[in-house]
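J.: After the structure tokens below, expect a handful of questions from me.
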Amino acid sequence: MSKPLKPSSSASAEQPVPGPEDAKKIYAAALSEGLSSVRLQLHQIRQHPPQVLHLEGCDASSRASMALWWAALLNCASPDAGPCLSCASCLRIAAGMHPDILVFDGRAASIKIAEVRTLNPLLGEKPHFARKRVVLFHEAQSLGIEAANSLLKILEEPSPDTTFVFTVPQRERLLPTLVSRGWVITLPWQPMDQMDGGEERSVADDLENFLAHGKDWFGQARQRSELDALSVQRIIGAVQKALIERHEDSCMTPLGSMLAPLPEEELLRISELCQDHGEALQYQVNPSYVLDAFAAGLYRIVHRLG
Ligand SMILES: [Zn+2]
């Protein structure tokens, strides 16, 4: 069971504030060049934050970092040019020690209804220190169905001092009623043309070719054995990006047009496939094995082989 509320309400102003160096590491992913447009968007809406914000796209650690950056922006002592990342509020948020920033973490285990219910008495109170209390659900696809329904009830009640943030790989992983209550911001992926060398691009081409024609993938295993986990993560990211493209007017990649005709339920399976294999990379499984398993799984779904 994931820890319900972190920090607990026992966190107090008397506790020592963590150092700025530690905070910098936490906010680093949110500060990356590729996410500048997202920071700008968030900055523009900070005066009137939506009650519910969904952060989808990119990878789980960038989403988590951006969600904390958003909480910092809403509560920083001098937020005009973005959160300062060095005031007491910014430092406490980074360290998980701010009593008004309530974190539910779905990264390790599913989020249960009992945990969500702990919010009920809190939301009626004024925040301790914050201008805006932030309730953050990391990887909210881990909300159980009962927990999600209980949360929907909570969202029906006005809570003007509170804003909710959900991070999720793709919005389809949440209940549609939860998505429709919020504002969705898509974090961009590392663009394919910015990949290191031509190697990943060529592997991504191989993957497209394999999905379309079902050949040549396993004959080129040697080239792929050179790929590291980051490269494989980017290739998986390209597939996640193709899933998101369906919501945008931008022109589709070949991969996007291959996935577009599939029914929602199959697209959801692809989203889960991306997440599972992205996680496998973090457990230091050989990256090329992960990519082969990913390609085979994707092929089965695209060609409806069960
Ligand atoms: Zn600050």
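Within each chain, counting starts at residue 1; across the structure tokens, chains are named A, B, ... in the order shown, with ligands numbered 1 upward in that order.
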Quick one: residues within 10 Å of ligand 1, with only C-alpha atoms and all ligand atoms, as a list in words?
T.: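 So the residues close to ligand 1 are Trp69, Ala72, Leu73, Leu74, Asn75, Cys76, Ala77, Ser78, Pro79, Asp80, Gly82, Pro83, Cys84, Leu85, Ser86, Cys87, Ala88, Ser89, Cys90, Leu91, Arg92 and Ile93 of chain A.
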J.: DSSP on the backbone, strand (DSSP E or B) only: what residues of region 49-250 of chain A does that give? Format it as a PDB file with C-alpha atoms, in the first residue's frame.
T.:
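Saved result, out22.pdb, follows:
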ATOM      1  CA  VAL A  52      -7.728  19.859 -11.836  1.00  0.00           C
ATOM      2  CA  LEU A  53      -4.616  19.639 -13.982  1.00  0.00           C
ATOM      3  CA  HIS A  54      -3.506  16.492 -15.823  1.00  0.00           C
ATOM      4  CA  LEU A  55       0.116  16.178 -16.899  1.00  0.00           C
ATOM      5  CA  GLU A  56       0.521  13.462 -19.544  1.00  0.00           C
ATOM      6  CA  GLY A  57       3.308  12.519 -21.929  1.00  0.00           C
ATOM      7  CA  ASP A  80       7.373  36.147 -11.170  1.00  0.00           C
ATOM      8  CA  GLY A  82       8.954  30.935 -12.353  1.00  0.00           C
ATOM      9  CA  ILE A 101       1.274  19.669  -0.569  1.00  0.00           C
ATOM     10  CA  LEU A 102      -0.401  16.280  -0.277  1.00  0.00           C
ATOM     11  CA  VAL A 103       1.131  13.520  -2.309  1.00  0.00           C
ATOM     12  CA  PHE A 104      -0.448  10.197  -3.294  1.00  0.00           C
ATOM     13  CA  ASP A 105       2.117   8.070  -5.004  1.00  0.00           C
ATOM     14  CA  ILE A 111      -3.901   4.079  -4.606  1.00  0.00           C
ATOM     15  CA  ARG A 133      -2.993  23.629  -1.324  1.00  0.00           C
ATOM     16  CA  VAL A 134      -1.889  21.116  -3.954  1.00  0.00           C
ATOM     17  CA  VAL A 135      -3.111  17.527  -3.971  1.00  0.00           C
ATOM     18  CA  LEU A 136      -0.835  15.554  -6.223  1.00  0.00           C
ATOM     19  CA  PHE A 137      -1.442  12.063  -7.612  1.00  0.00           C
ATOM     20  CA  HIS A 138       1.728  10.623  -9.120  1.00  0.00           C
ATOM     21  CA  LEU A 143      -6.085   4.728  -8.704  1.00  0.00           C
ATOM     22  CA  THR A 162      -7.040  23.518  -3.367  1.00  0.00           C
ATOM     23  CA  THR A 163      -5.845  22.458  -6.783  1.00  0.00           C
ATOM     24  CA  PHE A 164      -5.387  18.838  -7.899  1.00  0.00           C
ATOM     25  CA  VAL A 165      -2.656  17.506 -10.170  1.00  0.00           C
ATOM     26  CA  PHE A 166      -2.631  14.094 -11.822  1.00  0.00           C
ATOM     27  CA  THR A 167       0.363  12.707 -13.658  1.00  0.00           C
ATOM     28  CA  VAL A 168      -0.398   9.920 -16.114  1.00  0.00           C
ATOM     29  CA  TRP A 183      -7.153  20.699 -17.988  1.00  0.00           C
ATOM     30  CA  VAL A 184      -4.724  18.423 -19.872  1.00  0.00           C
ATOM     31  CA  ILE A 185      -1.170  19.485 -20.651  1.00  0.00           C
ATOM     32  CA  THR A 186       0.956  17.156 -22.759  1.00  0.00           C
ATOM     33  CA  LEU A 187       4.671  17.091 -21.988  1.00  0.00           C
TER      34      LEU A 187
END
J.: Closest to Tyr289 (chain A) among A:Val232, A:Val17, A:Leu207, A:Ala81, using only C-alpha atoms?
T.: A:Val232
J.: Write out as an NGL selection string each polymer residue whose atoms come within 7 Å of region 274-277 of chain A, counting only C-alpha atoms; drop sequence neighbours fewer than 2 positions from it.
T.: :A and (236 or 240 or 270-272 or 279-281 or 290 or 294)
J.: In Å, how far is it from CA of Ala109 (chain A) to CA of Arg300 (chain A)?
T.: 27.7 Å
J.: Of the residues A:Gly278, A:Pro16, A:Pro121, A:Pro49, which is the one nearest to Ser61 (chain A), using only C-alpha atoms?
T.: A:Gly278
J.: Pick the closest to Leu268 (chain A) from A:Arg201, A:Arg171, A:Arg304, A:Lys241: which is it, counting only C-alpha atoms?
T.: A:Arg171
J.: May I have the residues within 10 Å of Leu262 (chain A) as a ChimeraX atom specification, using only C-alpha atoms and disregarding those fewer than 3 positions away in the same chain?
T.: /A:257-259,265-268,301-304
J.: Next, dump the selected residues to file, keeping only N, CA and C atoms, as a PDB file, in the first residue's frame.
T.:
ATOM      1  N   SER A 257      -0.162   6.791 -37.903  1.00  0.00           N
ATOM      2  CA  SER A 257      -1.252   6.356 -38.784  1.00  0.00           C
ATOM      3  C   SER A 257      -1.481   4.850 -38.709  1.00  0.00           C
ATOM      4  N   MET A 258      -0.449   4.123 -38.276  1.00  0.00           N
ATOM      5  CA  MET A 258      -0.623   2.682 -38.092  1.00  0.00           C
ATOM      6  C   MET A 258      -1.496   2.388 -36.864  1.00  0.00           C
ATOM      7  N   LEU A 259      -1.333   3.207 -35.828  1.00  0.00           N
ATOM      8  CA  LEU A 259      -2.062   2.963 -34.581  1.00  0.00           C
ATOM      9  C   LEU A 259      -3.470   3.560 -34.603  1.00  0.00           C
ATOM     10  N   GLU A 265      -9.558   0.054 -26.829  1.00  0.00           N
ATOM     11  CA  GLU A 265      -9.097  -0.963 -25.880  1.00  0.00           C
ATOM     12  C   GLU A 265      -7.701  -1.484 -26.268  1.00  0.00           C
ATOM     13  N   GLU A 266      -7.448  -1.543 -27.573  1.00  0.00           N
ATOM     14  CA  GLU A 266      -6.124  -1.983 -28.023  1.00  0.00           C
ATOM     15  C   GLU A 266      -5.088  -0.891 -27.769  1.00  0.00           C
ATOM     16  N   LEU A 267      -5.513   0.366 -27.915  1.00  0.00           N
ATOM     17  CA  LEU A 267      -4.593   1.479 -27.673  1.00  0.00           C
ATOM     18  C   LEU A 267      -4.195   1.528 -26.201  1.00  0.00           C
ATOM     19  N   LEU A 268      -5.154   1.171 -25.364  1.00  0.00           N
ATOM     20  CA  LEU A 268      -4.870   1.111 -23.933  1.00  0.00           C
ATOM     21  C   LEU A 268      -3.836   0.027 -23.643  1.00  0.00           C
ATOM     22  N   ILE A 301      -0.409  -6.826 -30.941  1.00  0.00           N
ATOM     23  CA  ILE A 301      -1.584  -5.959 -30.756  1.00  0.00           C
ATOM     24  C   ILE A 301      -2.001  -5.324 -32.076  1.00  0.00           C
ATOM     25  N   VAL A 302      -1.024  -4.784 -32.805  1.00  0.00           N
ATOM     26  CA  VAL A 302      -1.338  -4.088 -34.073  1.00  0.00           C
ATOM     27  C   VAL A 302      -2.011  -5.046 -35.063  1.00  0.00           C
ATOM     28  N   HIS A 303      -1.546  -6.315 -35.063  1.00  0.00           N
ATOM     29  CA  HIS A 303      -2.105  -7.285 -36.018  1.00  0.00           C
ATOM     30  C   HIS A 303      -3.193  -8.146 -35.396  1.00  0.00           C
ATOM     31  N   ARG A 304      -3.647  -7.748 -34.207  1.00  0.00           N
ATOM     32  CA  ARG A 304      -4.770  -8.412 -33.543  1.00  0.00           C
ATOM     33  C   ARG A 304      -4.557  -9.905 -33.383  1.00  0.00           C
TER      34      ARG A 304
END
J.: Could you tell me which of A:Gly214, A:Pro261, A:Pro169, A:Pro160 comes closest to Glu125 (chain A) if we count only C-alpha atoms?
T.: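 Going through A:Gly214, A:Pro261, A:Pro169, A:Pro160 one by one, the smallest distance to Glu125 (chain A) is for A:Pro160.
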J.: From the set A:Ala29, A:Ala204, A:Ala95, A:Ala147, which residue has the shortest atom-to-atom contact distance to Arg63 (chain A), counting only C-alpha atoms?
T.: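 Answer, going by the shortest atom-to-atom distance: A:Ala29.
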J.: Which distance in Å separates CA of Arg117 (chain A) and CA of Arg181 (chain A), to one decimal?
T.: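 CA of Arg181 (chain A) lies 19.0 Å from CA of Arg117 (chain A).
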J.: Identify which of the residues A:Ala242, A:Ala229, A:Leu273, A:Ala148 lies closest to Pro287 (chain A), counting only C-alpha atoms when measuring atom-to-atom distances.
T.: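 The closest residue to Pro287 (chain A) is A:Ala229.
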J.: Could you tell me how far CA of Gly106 (chain A) lies from CA of Ser142 (chain A), in Å and to one decimal?
T.: 5.1 Å
J.: Find the spatial neighbours of region 35-37 of chain A, counting only C-alpha atoms, within a cut-off of 10 Å - ignore same-chain residues fewer than 6 positions away - and output them as a PyMOL selection string.
T.: chain A and resi 29+43+58+62+66+186-190
J.: May I have the residues from that selection written out with C-alpha atoms, as a compact mmCIF listing (two decimals), in the first residue's frame?
T.:
# COMPACT_ATOMS: atom_id res chain seq x y z
CA ALA A 29 13.76 17.26 -15.17
CA HIS A 43 3.20 30.19 -15.79
CA CYS A 58 7.11 12.32 -21.70
CA SER A 62 9.64 14.32 -15.89
CA MET A 66 6.87 19.07 -13.44
CA THR A 186 0.96 17.16 -22.76
CA LEU A 187 4.67 17.09 -21.99
CA PRO A 188 6.55 16.70 -25.27
CA TRP A 189 8.79 13.71 -25.88
CA GLN A 190 12.36 13.92 -26.96
J.: Taking the DSSP secondary structure from the backbone, can you list the residues of region 77-177 of chain A that are helix (DSSP H, G or I), as a PyMOL selection string?
T.: chain A and resi 88-94+113-117+119-123+140-142+145-156+171-173+176-177
